[in-house]
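This is run.cif. It holds mmCIF, C-alpha atoms.
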data_coords
loop_
_atom_site.label_atom_id
_atom_site.label_comp_id
_atom_site.auth_asym_id
_atom_site.auth_seq_id
_atom_site.Cartn_x
_atom_site.Cartn_y
_atom_site.Cartn_z
CA MET A 1481 -44.70 -0.56 -30.89
CA SER A 1482 -47.95 0.97 -29.74
CA THR A 1483 -50.39 3.56 -30.91
CA VAL A 1484 -51.34 6.61 -28.90
CA SER A 1485 -54.93 7.79 -28.56
CA GLY A 1486 -55.37 10.77 -26.28
CA ASP A 1487 -53.52 10.03 -23.07
CA LYS A 1488 -53.85 6.25 -23.31
CA THR A 1489 -51.43 3.80 -24.87
CA VAL A 1490 -53.14 1.11 -26.89
CA PRO A 1491 -51.17 -2.13 -27.40
CA GLU A 1492 -50.38 -3.08 -30.96
CA PRO A 1493 -52.71 -5.79 -32.27
CA PRO A 1494 -51.29 -9.22 -33.12
CA ALA A 1495 -49.24 -9.30 -36.31
CA PHE A 1496 -51.20 -12.22 -37.81
CA PRO A 1497 -54.56 -12.58 -36.07
CA GLY A 1498 -56.41 -15.79 -36.91
CA ARG A 1499 -53.79 -17.35 -39.21
CA ARG A 1500 -50.65 -17.76 -37.13
CA TRP A 1501 -50.66 -21.53 -37.66
CA LEU A 1502 -49.98 -21.00 -41.37
CA LEU A 1503 -46.60 -19.34 -40.73
CA PRO A 1504 -43.28 -20.64 -39.41
CA SER A 1505 -42.70 -19.92 -35.73
CA ALA A 1506 -39.44 -18.10 -36.59
CA VAL A 1507 -41.34 -15.62 -38.76
CA ILE A 1508 -43.96 -14.99 -36.08
CA HIS A 1509 -41.18 -14.56 -33.51
CA GLU A 1510 -39.57 -11.88 -35.66
CA PHE A 1511 -42.84 -10.08 -36.28
CA ASP A 1512 -44.14 -10.23 -32.72
CA PRO A 1513 -42.29 -7.63 -30.58
CA SER A 1514 -43.56 -9.07 -27.28
CA ALA A 1515 -42.23 -12.53 -28.16
CA ALA A 1516 -38.89 -11.07 -29.24
CA ARG A 1517 -38.53 -9.15 -25.96
CA SER A 1518 -39.38 -12.15 -23.79
CA GLY A 1519 -36.26 -14.02 -24.91
CA ARG A 1520 -38.13 -17.33 -25.07
CA ARG A 1521 -37.83 -19.78 -27.93
CA PRO A 1522 -40.73 -19.60 -30.37
CA ARG A 1523 -43.19 -22.46 -30.01
CA ARG A 1524 -43.87 -24.66 -33.02
CA THR A 1525 -46.95 -23.78 -34.99
CA ALA A 1526 -49.16 -26.34 -36.75
CA ARG A 1527 -47.23 -25.62 -39.91
CA ASP A 1528 -43.94 -26.33 -38.12
CA TRP A 1529 -45.19 -29.71 -36.91
CA ILE A 1530 -46.33 -30.63 -40.42
CA VAL A 1531 -43.02 -29.56 -41.97
CA ASP A 1532 -40.91 -31.25 -39.28
CA PHE A 1533 -42.85 -34.48 -39.58
CA SER A 1534 -42.50 -34.33 -43.37
CA CYS A 1535 -38.75 -33.79 -43.05
CA PHE A 1536 -38.52 -36.75 -40.67
CA LEU A 1537 -40.45 -38.97 -43.06
CA LEU A 1538 -38.28 -37.81 -45.97
CA ALA A 1539 -35.10 -38.58 -44.02
CA VAL A 1540 -36.47 -42.02 -43.10
CA LEU A 1541 -37.53 -42.72 -46.69
CA ILE A 1542 -34.12 -41.75 -48.09
CA GLY A 1543 -32.46 -43.70 -45.29
CA MET A 1544 -34.45 -46.85 -46.10
CA ILE A 1545 -33.51 -46.61 -49.77
CA ALA A 1546 -29.85 -46.06 -48.82
CA ALA A 1547 -29.95 -48.90 -46.27
CA ASP A 1548 -31.23 -51.31 -48.91
CA SER A 1549 -28.51 -50.13 -51.28
CA VAL A 1550 -25.81 -50.54 -48.64
CA GLY A 1551 -27.08 -54.02 -47.78
CA ASN A 1552 -26.69 -55.11 -51.39
CA ASN A 1553 -23.36 -53.34 -51.88
CA PRO A 1554 -20.59 -55.96 -52.31
CA HIS A 1555 -18.00 -53.40 -51.20
CA VAL A 1556 -19.57 -53.12 -47.71
CA SER A 1557 -19.43 -55.91 -45.13
CA HIS A 1558 -22.47 -57.06 -43.16
CA THR A 1559 -21.13 -55.50 -39.96
CA ALA A 1560 -20.44 -52.19 -41.69
CA ALA A 1561 -23.92 -52.22 -43.24
CA THR A 1562 -25.51 -52.81 -39.84
CA LEU A 1563 -23.48 -49.98 -38.31
CA ASP A 1564 -24.42 -47.80 -41.27
CA GLN A 1565 -28.12 -48.41 -40.61
CA LEU A 1566 -27.82 -47.73 -36.88
CA ILE A 1567 -26.05 -44.43 -37.52
CA GLY A 1568 -28.69 -43.55 -40.11
CA ALA A 1569 -31.51 -44.24 -37.61
CA LEU A 1570 -29.80 -41.97 -35.08
CA ALA A 1571 -29.41 -39.22 -37.71
CA CYS A 1572 -33.10 -39.47 -38.62
CA ALA A 1573 -34.08 -39.14 -34.95
CA VAL A 1574 -32.05 -35.97 -34.41
CA VAL A 1575 -33.83 -34.29 -37.31
CA TRP A 1576 -36.42 -33.20 -34.72
CA LEU A 1577 -33.71 -30.96 -33.17
CA ARG A 1578 -33.07 -29.05 -36.37
CA ARG A 1579 -34.95 -25.90 -35.29
CA ARG A 1580 -33.29 -25.68 -31.89
CA TRP A 1581 -29.67 -26.23 -32.94
CA PRO A 1582 -29.38 -25.82 -36.73
CA LEU A 1583 -25.63 -25.16 -36.73
CA GLY A 1584 -24.79 -27.86 -34.21
CA LEU A 1585 -26.89 -30.44 -36.03
CA ALA A 1586 -25.31 -29.55 -39.38
CA LEU A 1587 -21.83 -29.96 -37.91
CA ALA A 1588 -22.74 -33.20 -36.16
CA THR A 1589 -24.11 -34.77 -39.34
CA ILE A 1590 -20.85 -34.21 -41.25
CA PRO A 1591 -19.05 -37.24 -39.71
CA LEU A 1592 -22.33 -39.19 -39.72
CA GLY A 1593 -22.62 -38.62 -43.47
CA VAL A 1594 -19.06 -39.88 -43.99
CA LEU A 1595 -19.68 -43.04 -41.95
CA SER A 1596 -23.24 -43.82 -43.09
CA ASP A 1597 -25.09 -43.68 -46.41
CA THR A 1598 -28.35 -44.16 -44.51
CA ALA A 1599 -27.79 -40.79 -42.81
CA GLY A 1600 -27.62 -38.99 -46.18
CA GLY A 1601 -31.22 -37.74 -46.06
CA ALA A 1602 -30.80 -36.39 -42.52
CA CYS A 1603 -27.56 -34.68 -43.58
CA MET A 1604 -29.29 -32.93 -46.50
CA ILE A 1605 -32.12 -31.74 -44.24
CA ALA A 1606 -29.61 -30.43 -41.69
CA VAL A 1607 -27.78 -28.45 -44.39
CA PHE A 1608 -31.08 -27.08 -45.71
CA THR A 1609 -32.15 -26.02 -42.19
CA LEU A 1610 -28.81 -24.29 -41.63
CA ALA A 1611 -29.19 -22.36 -44.90
CA VAL A 1612 -32.67 -21.21 -43.86
CA HIS A 1613 -31.91 -20.15 -40.28
CA ARG A 1614 -28.29 -18.97 -40.22
CA PRO A 1615 -26.18 -16.38 -42.13
CA PHE A 1616 -24.37 -17.37 -45.29
CA ARG A 1617 -20.90 -17.54 -43.70
CA TYR A 1618 -21.95 -20.55 -41.59
CA VAL A 1619 -23.65 -22.17 -44.56
CA ALA A 1620 -20.58 -21.71 -46.75
CA TRP A 1621 -18.27 -23.38 -44.22
CA VAL A 1622 -20.55 -26.34 -43.50
CA ALA A 1623 -21.50 -26.88 -47.15
CA GLY A 1624 -17.85 -26.61 -48.16
CA ILE A 1625 -16.85 -29.25 -45.63
CA ASN A 1626 -19.68 -31.54 -46.79
CA ILE A 1627 -18.60 -31.18 -50.42
CA ALA A 1628 -14.98 -31.80 -49.48
CA MET A 1629 -16.02 -35.02 -47.70
CA VAL A 1630 -17.90 -36.40 -50.72
CA PRO A 1631 -14.82 -37.87 -52.51
CA LEU A 1632 -13.67 -39.48 -49.23
CA THR A 1633 -17.11 -40.99 -48.64
CA PHE A 1634 -17.19 -42.70 -52.03
CA ARG A 1635 -13.60 -43.85 -51.58
CA LEU A 1636 -14.58 -45.64 -48.37
CA ARG A 1637 -17.86 -47.02 -49.77
CA PRO A 1638 -17.98 -47.00 -53.60
CA ASP A 1639 -21.41 -47.07 -55.18
CA ALA A 1640 -22.24 -50.44 -56.67
CA ASP A 1641 -24.23 -49.05 -59.61
CA LEU A 1642 -22.52 -45.74 -60.58
CA PRO A 1643 -18.93 -44.89 -61.43
CA TYR A 1644 -16.93 -43.01 -58.81
CA LEU A 1645 -16.78 -39.69 -60.69
CA VAL A 1646 -20.49 -39.72 -61.51
CA SER A 1647 -21.37 -40.44 -57.89
CA VAL A 1648 -19.20 -37.58 -56.65
CA VAL A 1649 -20.58 -35.07 -59.17
CA LEU A 1650 -24.21 -36.01 -58.52
CA THR A 1651 -23.77 -35.73 -54.77
CA VAL A 1652 -22.00 -32.36 -55.04
CA VAL A 1653 -24.80 -31.05 -57.29
CA LEU A 1654 -27.37 -32.34 -54.80
CA VAL A 1655 -25.68 -30.56 -51.89
CA ALA A 1656 -25.42 -27.34 -53.90
CA ALA A 1657 -29.12 -27.59 -54.85
CA VAL A 1658 -30.16 -28.11 -51.23
CA VAL A 1659 -28.06 -25.13 -50.12
CA GLY A 1660 -29.49 -22.97 -52.91
CA TRP A 1661 -33.03 -23.93 -51.97
CA GLY A 1662 -32.38 -23.06 -48.34
CA LEU A 1663 -30.83 -19.72 -49.26
CA LEU A 1664 -33.86 -18.93 -51.43
CA VAL A 1665 -36.21 -19.61 -48.53
CA ARG A 1666 -34.06 -17.44 -46.24
CA ALA A 1667 -33.99 -14.62 -48.81
CA LYS A 1668 -37.80 -14.67 -49.06
CA ARG A 1669 -38.06 -14.48 -45.28
CA GLN A 1670 -35.55 -11.64 -45.10
CA LEU A 1671 -37.55 -9.77 -47.72
CA MET A 1672 -40.67 -10.31 -45.65
CA PHE A 1673 -38.89 -9.03 -42.53
CA SER A 1674 -37.60 -6.02 -44.46
CA LEU A 1675 -41.06 -5.13 -45.75
CA ARG A 1676 -42.48 -5.51 -42.26
CA ASP A 1677 -39.78 -3.27 -40.81
CA ARG A 1678 -40.49 -0.67 -43.48
CA ALA A 1679 -44.18 -0.82 -42.63
CA ARG A 1680 -43.40 -0.39 -38.94
CA ARG A 1681 -41.10 2.54 -39.64
CA ALA A 1682 -43.73 4.09 -41.86
CA GLU A 1683 -46.34 3.70 -39.10
CA THR A 1684 -43.94 5.21 -36.57
CA GLU A 1685 -43.09 8.10 -38.86
CA ALA A 1686 -46.77 8.69 -39.58
CA ARG A 1687 -47.52 8.73 -35.87
CA LEU A 1688 -44.64 11.12 -35.22
CA ARG A 1689 -45.80 13.37 -38.04
CA ALA A 1690 -49.30 13.34 -36.61
CA GLU A 1691 -47.98 14.20 -33.16
CA GLN A 1692 -45.81 16.96 -34.62
CA ALA A 1693 -48.76 18.34 -36.59
CA GLN A 1694 -50.85 18.24 -33.42
CA ARG A 1695 -48.13 20.05 -31.48
CA LEU A 1696 -47.75 22.68 -34.19
CA ALA A 1697 -51.52 23.12 -34.28
CA ARG A 1698 -51.57 23.61 -30.52
CA GLU A 1699 -48.76 26.15 -30.73
CA SER A 1700 -50.59 27.96 -33.52
CA ILE A 1701 -53.76 27.96 -31.46
CA ALA A 1702 -51.87 29.30 -28.46
CA ARG A 1703 -50.38 32.11 -30.56
CA GLU A 1704 -53.76 32.84 -32.04
CA MET A 1705 -55.47 33.04 -28.67
CA HIS A 1706 -52.68 35.24 -27.35
CA ASP A 1707 -52.91 37.59 -30.33
CA VAL A 1708 -56.69 37.78 -30.27
CA LEU A 1709 -57.39 37.94 -26.56
CA ALA A 1710 -54.40 39.92 -25.28
CA HIS A 1711 -55.50 43.02 -27.16
CA ARG A 1712 -59.07 42.80 -25.91
CA LEU A 1713 -58.11 42.08 -22.33
CA THR A 1714 -55.66 44.97 -22.15
CA LEU A 1715 -58.50 47.27 -23.24
CA LEU A 1716 -60.60 45.87 -20.43
CA SER A 1717 -57.72 46.37 -17.99
CA VAL A 1718 -57.18 50.00 -19.03
CA HIS A 1719 -60.82 51.02 -18.68
CA ALA A 1720 -61.37 49.03 -15.51
CA GLY A 1721 -58.28 50.69 -14.03
CA ALA A 1722 -59.63 54.10 -14.97
CA LEU A 1723 -62.89 53.38 -13.17
CA GLU A 1724 -61.00 52.08 -10.15
CA PHE A 1725 -58.72 55.10 -9.78
CA ARG A 1726 -61.33 57.69 -10.70
CA PRO A 1727 -64.50 56.79 -8.82
CA ASP A 1728 -65.53 60.49 -8.92
CA ALA A 1729 -65.44 60.70 -12.73
CA PRO A 1730 -68.45 62.26 -14.49
CA GLN A 1731 -71.39 59.98 -15.12
CA GLU A 1732 -70.98 60.27 -18.88
CA GLU A 1733 -67.32 59.18 -18.73
CA VAL A 1734 -68.16 56.25 -16.45
CA ALA A 1735 -70.93 55.18 -18.81
CA ARG A 1736 -68.62 55.45 -21.80
CA ALA A 1737 -65.89 53.39 -20.07
CA ALA A 1738 -68.43 50.78 -19.02
CA GLY A 1739 -69.68 50.61 -22.59
CA VAL A 1740 -66.14 50.07 -23.89
CA ILE A 1741 -65.59 47.37 -21.28
CA ARG A 1742 -68.82 45.65 -22.27
CA GLU A 1743 -67.99 45.89 -25.96
CA SER A 1744 -64.41 44.62 -25.46
CA ALA A 1745 -65.65 41.71 -23.38
CA HIS A 1746 -68.21 40.89 -26.05
CA GLU A 1747 -65.56 41.03 -28.79
CA ALA A 1748 -63.19 38.86 -26.75
CA LEU A 1749 -65.90 36.24 -26.21
CA GLN A 1750 -66.81 36.37 -29.88
CA ASP A 1751 -63.19 35.84 -30.93
CA LEU A 1752 -62.87 32.98 -28.47
CA ARG A 1753 -66.04 31.36 -29.85
CA GLU A 1754 -64.65 31.60 -33.37
CA ILE A 1755 -61.40 29.94 -32.37
CA ILE A 1756 -63.21 27.15 -30.51
CA GLY A 1757 -65.52 26.74 -33.49
CA VAL A 1758 -62.51 26.23 -35.73
CA LEU A 1759 -61.15 23.60 -33.34
CA ARG A 1760 -64.45 21.73 -33.16
CA ALA A 1761 -64.79 21.75 -36.93
CA ALA A 1762 -61.21 20.46 -37.29
CA ASP A 1763 -60.72 23.09 -39.98
CA HIS A 1764 -57.05 23.63 -40.71
CA ASP A 1765 -57.66 26.27 -43.34
CA ASP A 1766 -56.33 29.64 -42.34
CA THR A 1767 -59.32 31.36 -43.96
CA GLY A 1768 -61.60 29.90 -41.30
CA ARG A 1769 -59.68 31.41 -38.40
CA PRO A 1770 -60.51 34.81 -36.90
CA GLN A 1771 -57.47 36.54 -38.39
CA PRO A 1772 -58.04 40.01 -39.86
CA THR A 1773 -56.09 41.35 -42.81
CA LEU A 1774 -54.11 44.56 -43.21
CA ALA A 1775 -57.28 46.43 -44.19
CA ALA A 1776 -58.51 46.05 -40.59
CA LEU A 1777 -55.54 47.99 -39.20
CA ASP A 1778 -57.58 51.22 -39.09
CA THR A 1779 -60.16 49.52 -36.84
CA LEU A 1780 -57.41 48.25 -34.55
CA VAL A 1781 -55.95 51.76 -34.17
CA ALA A 1782 -59.42 53.20 -33.55
CA GLU A 1783 -60.01 50.71 -30.73
CA SER A 1784 -56.67 51.60 -29.15
CA ARG A 1785 -57.50 55.31 -29.34
CA GLU A 1786 -60.86 54.69 -27.66
CA ALA A 1787 -58.92 53.02 -24.87
CA GLY A 1788 -57.02 56.26 -24.33
CA MET A 1789 -53.85 55.50 -26.27
CA LYS A 1790 -52.12 58.04 -28.46
CA VAL A 1791 -51.57 56.26 -31.75
CA ILE A 1792 -50.32 57.69 -35.03
CA LEU A 1793 -50.95 55.48 -38.05
CA ASP A 1794 -48.84 56.10 -41.14
CA THR A 1795 -49.89 53.76 -43.94
CA ARG A 1796 -48.02 54.15 -47.20
CA VAL A 1797 -49.55 51.16 -48.97
CA ALA A 1798 -51.65 52.22 -51.94
CA ASP A 1799 -54.11 49.33 -51.75
CA PRO A 1800 -54.10 47.40 -48.43
CA ALA A 1801 -56.64 44.95 -49.86
CA ALA A 1802 -54.09 43.89 -52.49
CA VAL A 1803 -51.69 42.61 -49.83
CA PRO A 1804 -51.70 38.77 -49.73
CA ALA A 1805 -53.96 37.49 -46.98
CA SER A 1806 -51.22 35.64 -45.08
CA VAL A 1807 -48.86 38.63 -45.20
CA GLY A 1808 -51.62 41.02 -44.18
CA ARG A 1809 -52.64 38.85 -41.23
CA THR A 1810 -49.06 38.62 -40.03
CA ALA A 1811 -48.62 42.41 -40.32
CA TYR A 1812 -51.88 42.96 -38.43
CA ARG A 1813 -50.79 40.64 -35.61
CA ILE A 1814 -47.41 42.36 -35.34
CA ALA A 1815 -49.10 45.76 -35.01
CA GLN A 1816 -51.68 44.38 -32.58
CA GLU A 1817 -49.11 42.77 -30.28
CA SER A 1818 -46.87 45.84 -30.41
CA LEU A 1819 -49.77 48.11 -29.39
CA THR A 1820 -50.66 45.73 -26.60
CA ASN A 1821 -47.07 45.77 -25.33
CA ALA A 1822 -46.92 49.58 -25.51
CA ARG A 1823 -50.16 49.81 -23.55
CA LYS A 1824 -48.75 47.54 -20.83
CA HIS A 1825 -45.12 48.67 -20.65
CA ALA A 1826 -45.26 52.33 -21.77
CA PRO A 1827 -48.69 53.70 -20.78
CA GLY A 1828 -49.39 57.27 -21.79
CA THR A 1829 -46.77 57.43 -24.53
CA GLU A 1830 -47.41 58.17 -28.17
CA VAL A 1831 -47.09 55.11 -30.41
CA THR A 1832 -46.29 55.43 -34.09
CA VAL A 1833 -47.29 52.64 -36.47
CA THR A 1834 -45.75 52.82 -39.95
CA VAL A 1835 -46.61 50.46 -42.79
CA THR A 1836 -44.80 50.75 -46.12
CA GLY A 1837 -44.02 48.60 -49.11
CA GLY A 1838 -45.37 47.25 -52.34
CA PRO A 1839 -45.32 44.22 -54.61
CA GLY A 1840 -41.79 42.99 -55.21
CA GLU A 1841 -40.18 45.02 -52.41
CA GLY A 1842 -41.99 43.51 -49.44
CA LEU A 1843 -44.09 44.91 -46.63
CA ALA A 1844 -42.39 46.75 -43.74
CA VAL A 1845 -44.15 47.28 -40.40
CA THR A 1846 -42.59 49.52 -37.74
CA VAL A 1847 -44.06 50.26 -34.32
CA ARG A 1848 -42.19 52.71 -32.07
CA ASN A 1849 -42.91 54.32 -28.74
CA PRO A 1850 -40.72 56.55 -26.54
CA ALA A 1851 -39.62 55.55 -23.08
CA PRO A 1852 -42.37 55.92 -20.45
CA GLU A 1853 -42.21 58.64 -17.86
CA GLY A 1854 -41.54 57.27 -14.41
CA GLU A 1855 -41.26 53.64 -13.38
CA VAL A 1856 -43.67 51.08 -14.82
CA PRO A 1857 -44.44 47.94 -12.77
CA HIS A 1858 -43.05 44.73 -14.25
CA VAL A 1859 -45.61 42.60 -16.05
CA PRO A 1860 -45.18 38.82 -15.51
CA GLY A 1861 -44.55 36.80 -18.66
CA SER A 1862 -43.14 39.73 -20.60
CA GLY A 1863 -41.39 38.92 -23.86
CA GLN A 1864 -43.41 35.85 -24.79
CA GLY A 1865 -45.49 37.80 -27.30
CA LEU A 1866 -42.40 39.15 -29.08
CA ILE A 1867 -40.96 35.65 -29.29
CA GLY A 1868 -44.21 34.50 -30.88
CA LEU A 1869 -44.10 37.42 -33.33
CA THR A 1870 -40.55 36.52 -34.34
CA GLU A 1871 -41.61 32.95 -35.03
CA ARG A 1872 -44.69 34.12 -36.93
CA ALA A 1873 -42.61 36.43 -39.13
CA THR A 1874 -40.06 33.69 -39.79
CA LEU A 1875 -42.77 31.24 -40.80
CA ALA A 1876 -44.09 33.85 -43.23
CA GLY A 1877 -40.63 34.06 -44.84
CA GLY A 1878 -39.74 37.42 -43.29
CA ARG A 1879 -37.84 38.70 -40.29
CA LEU A 1880 -38.53 40.71 -37.16
CA GLU A 1881 -36.27 42.77 -34.91
CA TYR A 1882 -37.08 44.52 -31.67
CA GLY A 1883 -35.30 46.24 -28.82
CA ALA A 1884 -34.48 49.51 -27.12
CA GLU A 1885 -33.06 52.34 -29.21
CA PRO A 1886 -30.25 54.75 -28.21
CA ASP A 1887 -32.73 57.48 -27.18
CA GLY A 1888 -34.56 55.07 -24.84
CA ALA A 1889 -37.45 54.41 -27.19
CA PHE A 1890 -38.58 50.87 -27.97
CA GLY A 1891 -39.12 49.76 -31.53
CA VAL A 1892 -40.41 46.72 -33.35
CA GLY A 1893 -39.53 46.38 -37.03
CA ALA A 1894 -40.65 43.61 -39.36
CA TRP A 1895 -40.21 42.86 -43.04
CA LEU A 1896 -42.51 40.43 -44.83
CA PRO A 1897 -42.24 39.18 -48.41
CA TRP A 1898 -44.77 40.53 -50.92
CA GLY A 1899 -44.35 39.53 -54.51
#
Would you write the structure of this file as structure tokens?
Amino acid sequence: MSTVSGDKTVPEPPAFPGRRWLLPSAVIHEFDPSAARSGRRPRRTARDWIVDFSCFLLAVLIGMIAADSVGNNPHVSHTAATLDQLIGALACAVVWLRRRWPLGLALATIPLGVLSDTAGGACMIAVFTLAVHRPFRYVAWVAGINIAMVPLTFRLRPDADLPYLVSVVLTVVLVAAVVGWGLLVRAKRQLMFSLRDRARRAETEARLRAEQAQRLARESIAREMHDVLAHRLTLLSVHAGALEFRPDAPQEEVARAAGVIRESAHEALQDLREIIGVLRAADHDDTGRPQPTLAALDTLVAESREAGMKVILDTRVADPAAVPASVGRTAYRIAQESLTNARKHAPGTEVTVTVTGGPGEGLAVTVRNPAPEGEVPHVPGSGQGLIGLTERATLAGGRLEYGAEPDGAFGVGAWLPWG
């Protein structure tokens, strides 16, 4: 797993920097993704060497005690005692292979344990290692076979100091205790792995949520810039087009158009500065964004009329200031984008903007314009603004519909919750 910063991928830091030697190599191998992907066996840590050497010494110590007991056992011949000790020495030596082949070593020590009392310590360590490193089904089979072999072992070589039944019960209890200890160690490791996996998933989910939030913020910014700048730029386009096609216009009209162009450009730059200021401040509060409310709808219509549009505003809301800020902003943007579209796709037509509603019944915004006279050139990228409006209305909990009407007119109708 890696973390993303900008356009660069930063590798994940080591799982246990500075204290890897304190942990088993198997744990580090599970926690280190690069080691897991390489397919190589984990190298022993300092802790592994200490534990392996301790296990070897324990097997040798138990083997020496058992060898002395076998040598003094009247039921075992001198040749059998010597063979017992040789097998025990071999079993102690193979303890060093317990990490590489835990299942194979546990299976191999079963006949060694039957033939040699000196190999008893190595057999217990092999069973313990199997319980730590392999699933329970393998442990159950191997431990079951070991327990089943206990009565046969004491039949072949009875203990000189303990009765047969006591020897069998004590050995069975010892095997069960070793298996239980190994399973406890494995359970603790599995819990550690589970917690680590949860932490990794949480980090991944947090990163994905951050990326999603960033994407949503970018989409919101794109919608905002479209809503704010498209209206201003269409005003610039209308007046600049008038100056281009009417170079012989009266001086007063040219001056007025130039003044509108200058003012629209100034307003567009001001809106853009406000948006960039919000981005630089990392302010995610909607109140800091340049989004007017429904009360500013009169100003929007006045600007459109100054640009030469024929706009009829029919507001049937008693107190526009009482409309919730988020609902009012959405209604304003719907009217703004609809006027911009009418200016581009149906120039010269009369646009009617109707706003009705009240608390509890919702706010309805309708913008309608008749079909333009003559053919209007196609505008590249048409329809993107209406898609954005639909998404904006949906996010506000409302709905938006648009399309051509039977008489050829084009209408945009939105309903937003207010209550």
d(atom CA of A:Thr1874, atom CA of A:Thr1684) in Å:
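These two atoms are separated by 28.9 Å.
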Please enumerate the residues selected by the PyMOL selection byres ((chain A and resi 1775) around 10) when evaluated against the supplied file, formatted as a PyMOL selection string.
chain A and resi 1772-1774+1776-1780+1799-1803+1805+1808-1809+1812
Which of these, A:Asn1626, A:Ala1571, A:Arg1523, A:Lys1668, has the shortest distance to A:Gly1543 once you count all atoms listed in the file?
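Closest to A:Gly1543, using all atoms listed in the file: A:Ala1571.
Going from atom CA of A:Leu1819 to atom CA of A:Leu1869 covers 12.7 Å.
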Any idea what the distance is between atom CA of A:Arg1524 and atom CA of A:Trp1581?
14.3 Å
Can you tell me which residues surround A:Phe1616 at a distance of at most 12 Å, considering all atoms listed in the file, apart from same-chain residues fewer than 4 positions away, and format the answer as number ranges by chain?
A: 1583, 1607-1608, 1610-1612, 1620-1624, 1659-1660, 1662-1664, 1666-1667
Test item: the PyMOL selection byres ((chain A and resi 1629) around 10) resolved as a JSON list (two decimals) with C-alpha atoms, in the coordinates of the input:
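The resulting out.json:
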[["chain", "number", "residue", "atom", "x", "y", "z"],
["A", 1590, "ILE", "CA", -20.85, -34.21, -41.25],
["A", 1591, "PRO", "CA", -19.05, -37.24, -39.71],
["A", 1593, "GLY", "CA", -22.62, -38.62, -43.47],
["A", 1594, "VAL", "CA", -19.06, -39.88, -43.99],
["A", 1623, "ALA", "CA", -21.50, -26.88, -47.15],
["A", 1624, "GLY", "CA", -17.85, -26.61, -48.16],
["A", 1625, "ILE", "CA", -16.85, -29.25, -45.63],
["A", 1626, "ASN", "CA", -19.68, -31.54, -46.79],
["A", 1627, "ILE", "CA", -18.60, -31.18, -50.42],
["A", 1628, "ALA", "CA", -14.98, -31.80, -49.48],
["A", 1630, "VAL", "CA", -17.90, -36.40, -50.72],
["A", 1631, "PRO", "CA", -14.82, -37.87, -52.51],
["A", 1632, "LEU", "CA", -13.67, -39.48, -49.23],
["A", 1633, "THR", "CA", -17.11, -40.99, -48.64],
["A", 1634, "PHE", "CA", -17.19, -42.70, -52.03],
["A", 1635, "ARG", "CA", -13.60, -43.85, -51.58],
["A", 1648, "VAL", "CA", -19.20, -37.58, -56.65],
["A", 1652, "VAL", "CA", -22.00, -32.36, -55.04]]
Please list as a PyMOL selection string every residue within 8 Å of A:Leu1585, counting only C-alpha atoms and excluding residues in the same chain fewer than 4 positions away.
chain A and resi 1574+1577-1578+1581+1589+1606
Result set of the PyMOL selection byres ((chain A and resi 1529-1535) around 10) on the coordinates above, as an NGL selection string
:A and (1501 or 1504 or 1524-1528 or 1536-1541 or 1572 or 1575-1579 or 1601-1602 or 1605-1606)
Write out as a count of residues only which residues come within 8 Å of A:Asp1597 when counting all atoms listed in the file, dropping same-chain ones fewer than 4 positions away.
7
Hey, what's within 9 Å of stretch 1781-1792 of chain A if we count all atoms listed in the file and toss same-chain stuff fewer than 4 positions away? As a tab-separated table (two decimals) with C-alpha atoms, keeping the file's coordinate frame, please?
chain	number	residue	atom	x	y	z
A	1711	HIS	CA	-55.50	43.02	-27.16
A	1715	LEU	CA	-58.50	47.27	-23.24
A	1716	LEU	CA	-60.60	45.87	-20.43
A	1718	VAL	CA	-57.18	50.00	-19.03
A	1719	HIS	CA	-60.82	51.02	-18.68
A	1737	ALA	CA	-65.89	53.39	-20.07
A	1740	VAL	CA	-66.14	50.07	-23.89
A	1776	ALA	CA	-58.51	46.05	-40.59
A	1777	LEU	CA	-55.54	47.99	-39.20
A	1816	GLN	CA	-51.68	44.38	-32.58
A	1819	LEU	CA	-49.77	48.11	-29.39
A	1820	THR	CA	-50.66	45.73	-26.60
A	1823	ARG	CA	-50.16	49.81	-23.55
A	1827	PRO	CA	-48.69	53.70	-20.78
A	1828	GLY	CA	-49.39	57.27	-21.79
A	1829	THR	CA	-46.77	57.43	-24.53
A	1830	GLU	CA	-47.41	58.17	-28.17
A	1831	VAL	CA	-47.09	55.11	-30.41
A	1832	THR	CA	-46.29	55.43	-34.09
A	1833	VAL	CA	-47.29	52.64	-36.47
A	1834	THR	CA	-45.75	52.82	-39.95
Between A:Val1658, A:Val1646, A:Ala1561, A:Ala1811, smallest distance to A:Cys1603 by only C-alpha atoms belongs to A:Val1658
Need to verify the contact set: stretch 1884-1899 of chain A, 9 Å, all atoms listed in the file, exclusion of same-chain residues closer than 4 positions in sequence. Can you return it as a PyMOL selection string?
chain A and resi 1803-1804+1807+1810-1811+1814-1815+1818+1822+1837-1852+1866+1870+1873-1874+1876-1880
Option closest in space to A:Ala1560, from A:Ser1744, A:Ser1647, A:Gln1750, A:Ser1596 [counting only C-alpha atoms]
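Among the listed residues, A:Ser1596 lies closest to A:Ala1560.
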